[in-house]
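Chemist: Before anything else, here's the structure in question.
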Protein chains: 2
Amino acid sequence: MRLSRYFLPVLKENPSEAQIVSHRLMLRAGLIKQSAAGIYSWLPMGFKILRKLENIVHEEQARAGHLAMLMPTIQSADLWHESGRYDAFGDEMLRIKDRGGREMLFTPTAEELITDIFRSHVSSYKDLPLTMYQIQWKFRDEVRPRFGVMRGREFLMKDGYNFDLTKEDALHAYNRHLVSYLRTYERMGLQAIPMRADSGAMGGDDTHEFLVLAETGESEVFYDSAVTDLSFGDREIDYSSVEDCAAVMEEFTTKYARTDETHDEALFNEVPEERRRTARGIEVGQIFYFGTKYSEAMGATVQGPDGKNQPVHMGSHGIGVSRLLGAIIEASHDDKGIIWPEGVTPFHAGIVNLKQGDAEADAACEALYSALTLMGLEPLYDDRNERAGGKFASMDLVGLPWRITVGPRGLKNGVVELTSRRTGESEEMPPEAAVQKLGQIYAGIA
Amino acid sequence: MRLSRYFLPVLKENPSEAQIVSHRLMLRAGLIKQSAAGIYSWLPMGFKILRKLENIVHEEQARAGHLAMLMPTIQSADLWHESGRYDAFGDEMLRIKDRGGREMLFTPTAEELITDIFRSHVSSYKDLPLTMYQIQWKFRDEVRPRFGVMRGREFLMKDGYNFDLTKEDALHAYNRHLVSYLRTYERMGLQAIPMRADSGAMGGDDTHEFLVLAETGESEVFYDSAVTDLSFGDREIDYSSVEDCAAVMEEFTTKYARTDETHDEALFNEVPEERRRTARGIEVGQIFYFGTKYSEAMGATVQGPDGKNQPVHMGSHGIGVSRLLGAIIEASHDDKGIIWPEGVTPFHAGIVNLKQGDAEADAACEALYSALTLMGLEPLYDDRNERAGGKFASMDLVGLPWRITVGPRGLKNGVVELTSRRTGESEEMPPEAAVQKLGQIYAGIA
């Protein structure tokens with residue numbers, strides 16, 4: 001993409017309404033624009049990142065054997081009366097009357113609707129196990145929406161639901177989700193720590209939240225510092241193996257890590273003192289096992305191998321996709337701007353032409369642009385008639401992980417400059433070498 | 001995908017509520033499930049097709065140089081008061097009060113919001129031309145939602161908006177959209193004829209609708225049969241060339257083709273009698289040029305080269321993405337079920353194992369599955385313990401364009417059967433030849 005043809009309205013000033021760094025940087029880098037309290041438009045670069053996050057979620061869900069589908073944003077209140085949650089949900093639910101006077105709502109979560117789909121079509125244990133998920137916009141009418149997309153009212157969420165014959169099967173689904181979530185967050189460059197949590201309005205016994213450590217996190221967290229040494233890495237896993245998934249669950253959840261909701265001071269004190277940490281965290285996902293709560297209330301039963309009908313065991317699992325943008329920025333920025341991890345960067349590299357209009361510099365930039373594109377990478381070429389300082393500042397602000405700087409002086413020596421946004425280190429090399437190096441960096445990512 | 005692990009709830013009976021064939025087949029093939037009047041869930045196979053359609057739209061929009069972004073579904077009523085459309089829109093607009101009592105609405109279209117984004121960030125002609133679009137869920141509270149996704153209340157729409165300095169530039173944008181829409185529909189296997197239309201509530205001078213001929217279409221259309229001989233084909237086009245785009249516009253819109261809204265009997269009678277046709281059509285898209293209607297009302301001006309502020313010229317352009325599924329089915333089915341065009345099929349080929357459990361047949365199916373997958377194709381393998389008749393009926397119903405049938409008898413002779421869903425013709429060939437042939441069929445499509 002050529003910047004002259006893009007819509008990237010970067011702001012020079014810090015917007016006064018933004019209290020935390022991710023909100024400030026998302027506005028300044030032209031990723032979002034507020035349209036109403038807690039409701040945002042996603043400008044082209046913001047949308048591009050959002051879509052990358054979506055794709056990572058879809059790929060990892062498919063890998064775990066889960067089926068993508070989509071439920072509507074507007075639902076009838078009927079099913080919610082059936083489950084008993086219509087009144088329980090309170091003012092956060094956006095209630096609507098349609099032109100016929102029927103009670104509708106903008107769905108904040110979809111346990112009821114998916115359970116209805118299940119009971120309409122599935123009647124035998126032979127069709128289990130089944131896990132379906134969607135990535136869909138949700139609405140929660142927060143009293144005080146704030147922190148940009150971190151606590152917005154309209155937000156994009158991946159929500160998945162498993163249906164299993166037995167509690168054991170459902171707990172395998174729970175573990176399988178934990179594994180796939182660990183992979184998902186790591187691909188996004190995030191360390192998200194599973195912490196024992198409280199099930200709240202969702203109901204149920206088992207639940208873990210995934211938290212990214214950040215000063216601006218809304219939750220206070222307590223953990224054994226050994227949990228931050230864990231990483232899933234690129235190990236292969238057989239998602240159908242109960243043992244393999246259980247082993248990962250044990251590895252990642254045995255050490256003490258809890259939010260203030262479930263914090264147990266006595267247990268915490270058993271952690272060696274030098275490893276006890278208190279910090280703040282941003283919640284980026286949560287998994288639940290809630291047994292037969294919804295299936296009993298709504299009559300979602302299957303005929304078991306013994307010929308008897310029994311309610312299915314269920315769980316649900318969520319990833320806050322739009323808030324992930326904020327979480328990644330909170331975890332990865334400096335005073336110049338955002339630093340995108342390679343896995344989610346909107347463009348793979350920036351090309352800065354130090355002397356737009358200089359025939360040789362222009363040609364070198366065009367050649368780099370073509371070579372990177374041919375390789376399957378997407379460069380963002382700053383081809384505007386701006387001074388170098390302004391171009392550098394914009395590139396640093398929007399946070400592409402790599403920048404190639406092209407100028408007449410370097411070209412005389414046959415080199416361009418490749419700069420890492422994260423370390424700030426620059427290296428001079430021939431243009432072909434820069435292309436090759438970027439190819440290596442993004443191998444298996446882009 | 002193995003059918004035993006998929007969620008494809010096909011129905012044996014025709015659902016009584018479905019009046020037209022696409023609605024009936026979408027329900028029977030397990031693509032959608034109604035959740036409320038005019039509101040549907042997209043089950044895994046339906047969602048897969050929807051996503052393919054989305055991707056084609058994204059690719060063709062990118063090719064034309066348009067920028068993807070996303071606006072929220074819930075908007076404040078303020079901007080709509082500013083444009084004067086809040087009252088004009090009537091009962092089809094879903095109006096909502098949030099917990100603070102503020103007037104909100106579920107957006108039926110986004111001229112107001114995109115104009116607000118534009119005026120907040122763009123002030124110079126140097127940032128033009130600019131075209132941004134989104135693919136987002138819309139809501140129109142129809143009095144009588146019907147025909148499944150063809151006339152639903154919640155529907156997925158691509159809506160794009162161009163901002164140009166002059167009327168001439170905006171008319172180029174108009175033509176550019178016509179070209180990109182022709183390409184888009186053809187990739188989906190559809191012939192969509194641009195017809196002069198009425199601008200209705202949108203306002204403005206120039207507008208064309210794109211109509212797919214089908215008996216169940218909601219519009220009566222009148223056309224010169226020569227328009228159905230036109231096809232865009234795989235010609236290359238330079239979207240930045242005013243002349244090239246204008247030439248396509250002229251080629252595709254000069255011959256008589258109008259909906260009943262703009263039909264002119266006298267003009268129609270100038271068409272040679274043997275080429276005069278009256279038929280019905282399904283509207284799958286529309287393009288508008290409406291000049292400065294919104295930019296003047298909302299103060300979206302730029303400084304021109306002469307230093308003077310002037311309102312920008314705008315247009316908007318829509319594709320009914322979710323209704324396209326219905327339109328494709330109306331145009332492409334037989335009495336056994338759906339016939340998906342290769343460009344949008346949810347799976348590229350079905351594999352039917354005539355004797356599940358037979359070691360040789362199972363192994364041959366697995367080998368085909370792997371070979372197709374390696375080639376980048378997605379097979380749907382019916383690995384259930386069902387009789388051949390039932391497997392064939394399901395495959396015909398869901399409408400994959402190609403089926404490979406594998407049985408012990410054929411394997412003894414070293415062959416499988418490759419069957420075209422459209423023609424019903426079958427050919428015996430070695431498994432490797434079937435894989436190779438599918439590779440050729442999908443080259444450049446999948």
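Residues are referred to by chain and number: the chain letter is A, B, ... according to the order shown in the structure tokens, the number counts from 1 in that chain, and ligands are numbered separately from 1 in the order shown.
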At a cut-off of 12 Å, using only C-alpha atoms, what residues contact Gly101 in chain A? Leave out same-chain residues fewer than 2 positions from it and give the result as an MDAnalysis selection string.
Modeler: (chainID A and resid 76:77 95:99 103:104) or (chainID B and resid 91 94:95 141 143)
Chemist: Go ahead and dump the residues you just picked, all heavy atoms, as an mmCIF file, in the first residue's frame.
Modeler:
data_model
loop_
_atom_site.group_PDB
_atom_site.id
_atom_site.type_symbol
_atom_site.label_atom_id
_atom_site.label_comp_id
_atom_site.auth_asym_id
_atom_site.auth_seq_id
_atom_site.Cartn_x
_atom_site.Cartn_y
_atom_site.Cartn_z
ATOM 1 N N SER A 76 -34.599 -12.583 19.709
ATOM 2 C CA SER A 76 -35.856 -12.465 20.433
ATOM 3 C C SER A 76 -35.589 -12.732 21.915
ATOM 4 O O SER A 76 -34.700 -13.502 22.277
ATOM 5 C CB SER A 76 -36.843 -13.484 19.884
ATOM 6 O OG SER A 76 -37.807 -13.786 20.854
ATOM 7 N N ALA A 77 -36.371 -12.112 22.780
ATOM 8 C CA ALA A 77 -36.188 -12.309 24.219
ATOM 9 C C ALA A 77 -36.693 -13.672 24.689
ATOM 10 O O ALA A 77 -36.357 -14.115 25.793
ATOM 11 C CB ALA A 77 -36.903 -11.204 24.992
ATOM 12 N N ARG A 95 -31.990 -3.711 25.440
ATOM 13 C CA ARG A 95 -33.328 -4.233 25.135
ATOM 14 C C ARG A 95 -33.997 -3.360 24.078
ATOM 15 O O ARG A 95 -33.868 -2.140 24.092
ATOM 16 C CB ARG A 95 -34.154 -4.285 26.409
ATOM 17 C CG ARG A 95 -33.615 -5.354 27.373
ATOM 18 C CD ARG A 95 -33.931 -5.011 28.822
ATOM 19 N NE ARG A 95 -32.935 -5.609 29.721
ATOM 20 C CZ ARG A 95 -33.123 -6.749 30.373
ATOM 21 N NH1 ARG A 95 -34.238 -7.405 30.248
ATOM 22 N NH2 ARG A 95 -32.164 -7.226 31.151
ATOM 23 N N ILE A 96 -34.688 -4.021 23.188
ATOM 24 C CA ILE A 96 -35.229 -3.355 22.013
ATOM 25 C C ILE A 96 -36.642 -3.850 21.784
ATOM 26 O O ILE A 96 -36.924 -5.033 21.990
ATOM 27 C CB ILE A 96 -34.374 -3.729 20.766
ATOM 28 C CG1 ILE A 96 -32.912 -3.341 20.984
ATOM 29 C CG2 ILE A 96 -34.937 -3.079 19.501
ATOM 30 C CD1 ILE A 96 -31.956 -3.947 19.969
ATOM 31 N N LYS A 97 -37.523 -2.965 21.362
ATOM 32 C CA LYS A 97 -38.844 -3.399 20.876
ATOM 33 C C LYS A 97 -38.874 -3.191 19.370
ATOM 34 O O LYS A 97 -38.577 -2.109 18.877
ATOM 35 C CB LYS A 97 -39.948 -2.581 21.543
ATOM 36 C CG LYS A 97 -40.350 -3.120 22.903
ATOM 37 C CD LYS A 97 -41.846 -2.917 23.150
ATOM 38 C CE LYS A 97 -42.337 -3.741 24.330
ATOM 39 N NZ LYS A 97 -41.850 -3.221 25.614
ATOM 40 N N ASP A 98 -39.234 -4.226 18.618
ATOM 41 C CA ASP A 98 -39.298 -4.037 17.172
ATOM 42 C C ASP A 98 -40.622 -3.386 16.800
ATOM 43 O O ASP A 98 -41.448 -3.085 17.677
ATOM 44 C CB ASP A 98 -39.033 -5.350 16.418
ATOM 45 C CG ASP A 98 -40.191 -6.336 16.497
ATOM 46 O OD1 ASP A 98 -41.254 -5.983 17.039
ATOM 47 O OD2 ASP A 98 -40.012 -7.468 16.013
ATOM 48 N N ARG A 99 -40.863 -3.180 15.504
ATOM 49 C CA ARG A 99 -42.049 -2.417 15.098
ATOM 50 C C ARG A 99 -43.346 -3.121 15.438
ATOM 51 O O ARG A 99 -44.385 -2.488 15.546
ATOM 52 C CB ARG A 99 -41.988 -2.099 13.609
ATOM 53 C CG ARG A 99 -42.170 -3.293 12.702
ATOM 54 C CD ARG A 99 -41.877 -2.953 11.266
ATOM 55 N NE ARG A 99 -42.813 -1.982 10.710
ATOM 56 C CZ ARG A 99 -42.675 -1.420 9.518
ATOM 57 N NH1 ARG A 99 -41.632 -1.718 8.778
ATOM 58 N NH2 ARG A 99 -43.542 -0.562 9.069
ATOM 59 N N GLU A 103 -40.416 -8.101 22.133
ATOM 60 C CA GLU A 103 -39.203 -7.898 22.925
ATOM 61 C C GLU A 103 -38.012 -8.535 22.227
ATOM 62 O O GLU A 103 -37.977 -9.749 22.025
ATOM 63 C CB GLU A 103 -39.357 -8.546 24.302
ATOM 64 C CG GLU A 103 -40.221 -7.779 25.269
ATOM 65 C CD GLU A 103 -40.318 -8.504 26.603
ATOM 66 O OE1 GLU A 103 -40.069 -9.732 26.646
ATOM 67 O OE2 GLU A 103 -40.620 -7.847 27.597
ATOM 68 N N MET A 104 -37.029 -7.723 21.889
ATOM 69 C CA MET A 104 -35.813 -8.205 21.262
ATOM 70 C C MET A 104 -34.640 -7.718 22.128
ATOM 71 O O MET A 104 -34.818 -6.947 23.071
ATOM 72 C CB MET A 104 -35.660 -7.631 19.852
ATOM 73 C CG MET A 104 -36.903 -7.706 18.964
ATOM 74 S SD MET A 104 -37.361 -9.381 18.457
ATOM 75 C CE MET A 104 -36.112 -9.711 17.235
ATOM 76 N N ASP B 91 -40.509 3.456 9.864
ATOM 77 C CA ASP B 91 -40.527 2.345 10.818
ATOM 78 C C ASP B 91 -39.529 1.243 10.499
ATOM 79 O O ASP B 91 -39.328 0.335 11.296
ATOM 80 C CB ASP B 91 -41.926 1.719 10.852
ATOM 81 C CG ASP B 91 -42.896 2.589 11.641
ATOM 82 O OD1 ASP B 91 -42.410 3.457 12.384
ATOM 83 O OD2 ASP B 91 -44.114 2.394 11.498
ATOM 84 N N LEU B 94 -34.634 0.418 13.076
ATOM 85 C CA LEU B 94 -34.793 -0.137 14.415
ATOM 86 C C LEU B 94 -34.259 0.881 15.420
ATOM 87 O O LEU B 94 -33.053 1.093 15.532
ATOM 88 C CB LEU B 94 -34.038 -1.462 14.526
ATOM 89 C CG LEU B 94 -34.307 -2.280 15.793
ATOM 90 C CD1 LEU B 94 -35.746 -2.783 15.837
ATOM 91 C CD2 LEU B 94 -33.338 -3.459 15.886
ATOM 92 N N ARG B 95 -35.165 1.512 16.143
ATOM 93 C CA ARG B 95 -34.783 2.577 17.065
ATOM 94 C C ARG B 95 -34.642 2.023 18.476
ATOM 95 O O ARG B 95 -35.412 1.155 18.891
ATOM 96 C CB ARG B 95 -35.829 3.695 17.030
ATOM 97 C CG ARG B 95 -35.801 4.433 15.695
ATOM 98 C CD ARG B 95 -37.160 5.008 15.335
ATOM 99 N NE ARG B 95 -37.296 5.138 13.891
ATOM 100 C CZ ARG B 95 -37.083 6.269 13.217
ATOM 101 N NH1 ARG B 95 -36.728 7.366 13.850
ATOM 102 N NH2 ARG B 95 -37.201 6.298 11.909
ATOM 103 N N ASP B 141 -36.245 -3.149 9.683
ATOM 104 C CA ASP B 141 -37.378 -3.793 10.345
ATOM 105 C C ASP B 141 -38.546 -3.915 9.377
ATOM 106 O O ASP B 141 -39.530 -3.186 9.461
ATOM 107 C CB ASP B 141 -37.752 -2.982 11.587
ATOM 108 C CG ASP B 141 -38.464 -3.845 12.625
ATOM 109 O OD1 ASP B 141 -38.707 -5.040 12.331
ATOM 110 O OD2 ASP B 141 -38.758 -3.335 13.713
ATOM 111 N N VAL B 143 -41.909 -5.031 7.553
ATOM 112 C CA VAL B 143 -43.219 -5.410 8.080
ATOM 113 C C VAL B 143 -43.419 -6.916 7.943
ATOM 114 O O VAL B 143 -43.822 -7.591 8.882
ATOM 115 C CB VAL B 143 -44.375 -4.737 7.294
ATOM 116 C CG1 VAL B 143 -45.702 -5.021 7.971
ATOM 117 C CG2 VAL B 143 -44.147 -3.246 7.185
#
Chemist: Residues of chain A no more than 7 Å from chain B, counting only C-alpha atoms: send them over as number ranges by chain.
Modeler: A: 9, 36, 39-44, 47, 67-72, 75-76, 91, 94, 96, 98-99, 121, 141
Chemist: Go ahead and dump the residues you just picked, N, CA, C and O atoms, as an mmCIF file, in the first residue's frame.
Modeler:
data_model
loop_
_atom_site.group_PDB
_atom_site.id
_atom_site.type_symbol
_atom_site.label_atom_id
_atom_site.label_comp_id
_atom_site.auth_asym_id
_atom_site.auth_seq_id
_atom_site.Cartn_x
_atom_site.Cartn_y
_atom_site.Cartn_z
ATOM 1 N N PRO A 9 -5.321 8.637 9.152
ATOM 2 C CA PRO A 9 -5.334 9.979 9.748
ATOM 3 C C PRO A 9 -4.638 10.013 11.117
ATOM 4 O O PRO A 9 -5.287 9.939 12.154
ATOM 5 N N ALA A 36 -19.787 6.986 19.209
ATOM 6 C CA ALA A 36 -20.644 7.310 20.359
ATOM 7 C C ALA A 36 -19.910 6.734 21.574
ATOM 8 O O ALA A 36 -18.916 6.024 21.412
ATOM 9 N N ILE A 39 -18.439 3.195 21.514
ATOM 10 C CA ILE A 39 -18.739 2.622 20.194
ATOM 11 C C ILE A 39 -17.786 3.247 19.169
ATOM 12 O O ILE A 39 -17.689 4.473 19.087
ATOM 13 N N TYR A 40 -17.100 2.404 18.418
ATOM 14 C CA TYR A 40 -16.028 2.874 17.553
ATOM 15 C C TYR A 40 -16.175 2.413 16.114
ATOM 16 O O TYR A 40 -16.665 1.318 15.849
ATOM 17 N N SER A 41 -15.693 3.265 15.213
ATOM 18 C CA SER A 41 -15.461 2.826 13.842
ATOM 19 C C SER A 41 -14.016 2.370 13.750
ATOM 20 O O SER A 41 -13.130 2.939 14.383
ATOM 21 N N TRP A 42 -13.801 1.363 12.928
ATOM 22 C CA TRP A 42 -12.460 0.828 12.708
ATOM 23 C C TRP A 42 -11.972 1.358 11.373
ATOM 24 O O TRP A 42 -12.474 0.950 10.320
ATOM 25 N N LEU A 43 -11.026 2.261 11.415
ATOM 26 C CA LEU A 43 -10.488 2.846 10.192
ATOM 27 C C LEU A 43 -9.601 1.794 9.507
ATOM 28 O O LEU A 43 -9.299 0.752 10.097
ATOM 29 N N PRO A 44 -9.214 2.035 8.247
ATOM 30 C CA PRO A 44 -8.593 0.941 7.483
ATOM 31 C C PRO A 44 -7.473 0.190 8.202
ATOM 32 O O PRO A 44 -7.456 -1.044 8.197
ATOM 33 N N PHE A 47 -8.922 -1.839 11.131
ATOM 34 C CA PHE A 47 -9.700 -2.975 10.640
ATOM 35 C C PHE A 47 -8.793 -4.097 10.142
ATOM 36 O O PHE A 47 -9.072 -5.277 10.326
ATOM 37 N N LEU A 67 -16.025 -25.847 14.901
ATOM 38 C CA LEU A 67 -16.712 -25.431 13.678
ATOM 39 C C LEU A 67 -17.174 -23.980 13.770
ATOM 40 O O LEU A 67 -17.877 -23.603 14.714
ATOM 41 N N ALA A 68 -16.796 -23.191 12.753
ATOM 42 C CA ALA A 68 -17.207 -21.792 12.710
ATOM 43 C C ALA A 68 -18.634 -21.668 12.217
ATOM 44 O O ALA A 68 -19.035 -22.369 11.279
ATOM 45 N N MET A 69 -19.406 -20.797 12.827
ATOM 46 C CA MET A 69 -20.757 -20.473 12.372
ATOM 47 C C MET A 69 -21.028 -19.048 12.815
ATOM 48 O O MET A 69 -20.128 -18.365 13.300
ATOM 49 N N LEU A 70 -22.262 -18.602 12.658
ATOM 50 C CA LEU A 70 -22.539 -17.215 13.026
ATOM 51 C C LEU A 70 -23.984 -17.072 13.467
ATOM 52 O O LEU A 70 -24.902 -17.536 12.782
ATOM 53 N N MET A 71 -24.145 -16.420 14.602
ATOM 54 C CA MET A 71 -25.502 -16.157 15.081
ATOM 55 C C MET A 71 -25.804 -14.667 14.952
ATOM 56 O O MET A 71 -24.892 -13.851 14.919
ATOM 57 N N PRO A 72 -27.088 -14.323 14.866
ATOM 58 C CA PRO A 72 -27.432 -12.912 14.635
ATOM 59 C C PRO A 72 -27.164 -12.045 15.865
ATOM 60 O O PRO A 72 -27.106 -12.548 16.984
ATOM 61 N N GLN A 75 -31.656 -10.743 18.812
ATOM 62 C CA GLN A 75 -32.374 -11.970 19.144
ATOM 63 C C GLN A 75 -33.711 -11.634 19.789
ATOM 64 O O GLN A 75 -33.881 -10.562 20.355
ATOM 65 N N SER A 76 -34.599 -12.583 19.709
ATOM 66 C CA SER A 76 -35.856 -12.465 20.433
ATOM 67 C C SER A 76 -35.589 -12.732 21.915
ATOM 68 O O SER A 76 -34.700 -13.502 22.277
ATOM 69 N N ASP A 91 -29.275 -4.156 33.451
ATOM 70 C CA ASP A 91 -29.275 -3.030 32.514
ATOM 71 C C ASP A 91 -28.182 -3.107 31.461
ATOM 72 O O ASP A 91 -28.156 -2.300 30.533
ATOM 73 N N LEU A 94 -28.901 -4.635 26.135
ATOM 74 C CA LEU A 94 -29.578 -3.609 25.339
ATOM 75 C C LEU A 94 -30.903 -4.182 24.857
ATOM 76 O O LEU A 94 -30.939 -5.047 23.990
ATOM 77 N N ILE A 96 -34.688 -4.021 23.188
ATOM 78 C CA ILE A 96 -35.229 -3.355 22.013
ATOM 79 C C ILE A 96 -36.642 -3.850 21.784
ATOM 80 O O ILE A 96 -36.924 -5.033 21.990
ATOM 81 N N ASP A 98 -39.234 -4.226 18.618
ATOM 82 C CA ASP A 98 -39.298 -4.037 17.172
ATOM 83 C C ASP A 98 -40.622 -3.386 16.800
ATOM 84 O O ASP A 98 -41.448 -3.085 17.677
ATOM 85 N N ARG A 99 -40.863 -3.180 15.504
ATOM 86 C CA ARG A 99 -42.049 -2.417 15.098
ATOM 87 C C ARG A 99 -43.346 -3.121 15.438
ATOM 88 O O ARG A 99 -44.385 -2.488 15.546
ATOM 89 N N HIS A 121 -31.647 -29.921 16.418
ATOM 90 C CA HIS A 121 -31.051 -30.752 15.373
ATOM 91 C C HIS A 121 -30.337 -31.992 15.879
ATOM 92 O O HIS A 121 -30.061 -32.893 15.097
ATOM 93 N N ASP A 141 -24.279 -2.757 27.537
ATOM 94 C CA ASP A 141 -24.527 -1.337 27.782
ATOM 95 C C ASP A 141 -23.889 -0.913 29.106
ATOM 96 O O ASP A 141 -24.572 -0.716 30.110
#
Chemist: Enumerate the residues of range 105-248 of chain B with a DSSP assignment of strand (DSSP E), computed from the backbone, and present them as a CSV table (one decimal) with N, CA and C atoms, in the first residue's frame.
Modeler:
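The resulting file, part_33.csv, is shown below:
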chain,number,residue,atom,x,y,z
B,105,LEU,N,-29.7,3.7,17.2
B,105,LEU,CA,-30.4,3.0,16.2
B,105,LEU,C,-29.5,1.9,15.7
B,106,PHE,N,-30.1,0.8,15.1
B,106,PHE,CA,-29.3,-0.2,14.4
B,106,PHE,C,-29.2,0.3,13.0
B,130,LEU,N,-11.0,9.2,-2.6
B,130,LEU,CA,-11.0,8.3,-1.5
B,130,LEU,C,-12.3,7.4,-1.6
B,131,THR,N,-12.1,6.1,-1.5
B,131,THR,CA,-13.3,5.2,-1.4
B,131,THR,C,-13.1,4.2,-0.3
B,132,MET,N,-14.0,4.2,0.6
B,132,MET,CA,-13.9,3.3,1.7
B,132,MET,C,-15.2,2.5,1.7
B,133,TYR,N,-15.0,1.2,2.2
B,133,TYR,CA,-16.2,0.4,2.3
B,133,TYR,C,-16.1,-0.5,3.5
B,134,GLN,N,-17.3,-1.1,3.8
B,134,GLN,CA,-17.3,-2.1,4.9
B,134,GLN,C,-18.2,-3.3,4.5
B,135,ILE,N,-18.0,-4.4,5.1
B,135,ILE,CA,-19.0,-5.5,5.0
B,135,ILE,C,-19.5,-5.7,6.4
B,136,GLN,N,-20.7,-5.3,6.7
B,136,GLN,CA,-21.2,-5.2,8.0
B,136,GLN,C,-22.7,-5.6,8.1
B,137,TRP,N,-23.2,-6.1,9.2
B,137,TRP,CA,-24.6,-6.5,9.4
B,137,TRP,C,-25.4,-5.2,9.5
B,138,LYS,N,-26.5,-5.2,8.8
B,138,LYS,CA,-27.5,-4.1,8.8
B,138,LYS,C,-28.8,-4.7,9.3
B,139,PHE,N,-29.7,-3.8,9.7
B,139,PHE,CA,-31.0,-4.2,10.2
B,139,PHE,C,-32.1,-3.3,9.5
B,154,GLU,N,-32.2,-8.8,9.5
B,154,GLU,CA,-30.8,-8.6,9.8
B,154,GLU,C,-30.0,-9.2,8.6
B,155,PHE,N,-29.3,-8.4,7.9
B,155,PHE,CA,-28.6,-8.9,6.7
B,155,PHE,C,-27.2,-8.4,6.5
B,156,LEU,N,-26.4,-9.1,5.8
B,156,LEU,CA,-25.0,-8.7,5.7
B,156,LEU,C,-24.9,-7.9,4.3
B,157,MET,N,-24.3,-6.7,4.4
B,157,MET,CA,-24.2,-5.9,3.2
B,157,MET,C,-22.8,-5.3,3.1
B,158,LYS,N,-22.3,-5.3,1.9
B,158,LYS,CA,-21.2,-4.5,1.6
B,158,LYS,C,-21.7,-3.1,1.2
B,159,ASP,N,-21.2,-2.1,1.9
B,159,ASP,CA,-21.6,-0.7,1.6
B,159,ASP,C,-20.3,0.1,1.5
B,160,GLY,N,-20.2,0.8,0.3
B,160,GLY,CA,-19.0,1.6,0.0
B,160,GLY,C,-19.4,3.0,-0.3
B,161,TYR,N,-18.4,3.9,-0.1
B,161,TYR,CA,-18.7,5.4,-0.2
B,161,TYR,C,-17.5,6.0,-0.8
B,162,ASN,N,-17.7,6.8,-1.9
B,162,ASN,CA,-16.6,7.5,-2.5
B,162,ASN,C,-16.7,9.0,-2.3
B,163,PHE,N,-15.5,9.6,-2.1
B,163,PHE,CA,-15.4,11.0,-1.9
B,163,PHE,C,-14.5,11.6,-3.0
B,164,ASP,N,-15.0,12.5,-3.8
B,164,ASP,CA,-14.3,13.1,-4.9
B,164,ASP,C,-14.4,14.6,-4.9
B,193,ILE,N,-27.3,-8.1,-14.2
B,193,ILE,CA,-27.4,-7.1,-15.2
B,193,ILE,C,-27.6,-5.8,-14.6
B,194,PRO,N,-26.8,-4.8,-15.0
B,194,PRO,CA,-27.0,-3.4,-14.4
B,194,PRO,C,-28.2,-2.8,-15.1
B,195,MET,N,-29.1,-2.3,-14.4
B,195,MET,CA,-30.4,-1.7,-14.9
B,195,MET,C,-30.6,-0.3,-14.3
B,196,ARG,N,-31.0,0.6,-15.2
B,196,ARG,CA,-31.3,1.9,-14.7
B,196,ARG,C,-32.4,1.8,-13.6
B,206,ASP,N,-27.9,9.6,-10.5
B,206,ASP,CA,-27.5,8.4,-11.2
B,206,ASP,C,-27.6,7.2,-10.3
B,207,THR,N,-28.2,6.1,-10.8
B,207,THR,CA,-28.2,4.9,-10.0
B,207,THR,C,-28.5,3.7,-10.9
B,208,HIS,N,-27.8,2.7,-10.7
B,208,HIS,CA,-28.1,1.4,-11.4
B,208,HIS,C,-28.2,0.3,-10.3
B,209,GLU,N,-29.2,-0.6,-10.6
B,209,GLU,CA,-29.3,-1.8,-9.8
B,209,GLU,C,-28.7,-2.9,-10.6
B,210,PHE,N,-28.2,-3.9,-9.9
B,210,PHE,CA,-27.7,-5.2,-10.5
B,210,PHE,C,-28.8,-6.2,-10.2
B,211,LEU,N,-29.3,-6.8,-11.3
B,211,LEU,CA,-30.3,-7.8,-11.1
B,211,LEU,C,-30.0,-9.2,-11.7
B,212,VAL,N,-30.3,-10.2,-10.9
B,212,VAL,CA,-30.1,-11.6,-11.4
B,212,VAL,C,-31.5,-12.0,-11.8
B,213,LEU,N,-31.6,-12.5,-13.1
B,213,LEU,CA,-32.9,-13.0,-13.5
B,213,LEU,C,-33.3,-14.3,-12.8
B,219,SER,N,-38.6,-7.9,-8.5
B,219,SER,CA,-38.8,-6.8,-9.4
B,219,SER,C,-39.2,-7.3,-10.8
B,220,GLU,N,-40.1,-6.6,-11.5
B,220,GLU,CA,-40.4,-6.9,-12.9
B,220,GLU,C,-39.3,-6.1,-13.7
B,221,VAL,N,-38.7,-6.8,-14.7
B,221,VAL,CA,-37.7,-6.1,-15.4
B,221,VAL,C,-38.0,-6.2,-16.9
B,222,PHE,N,-37.5,-5.3,-17.7
B,222,PHE,CA,-37.7,-5.2,-19.1
B,222,PHE,C,-36.3,-5.0,-19.7
B,223,TYR,N,-36.0,-5.8,-20.7
B,223,TYR,CA,-34.6,-5.7,-21.3
B,223,TYR,C,-34.5,-6.2,-22.7
B,224,ASP,N,-33.5,-5.7,-23.3
B,224,ASP,CA,-33.1,-6.1,-24.6
B,224,ASP,C,-32.3,-7.4,-24.4
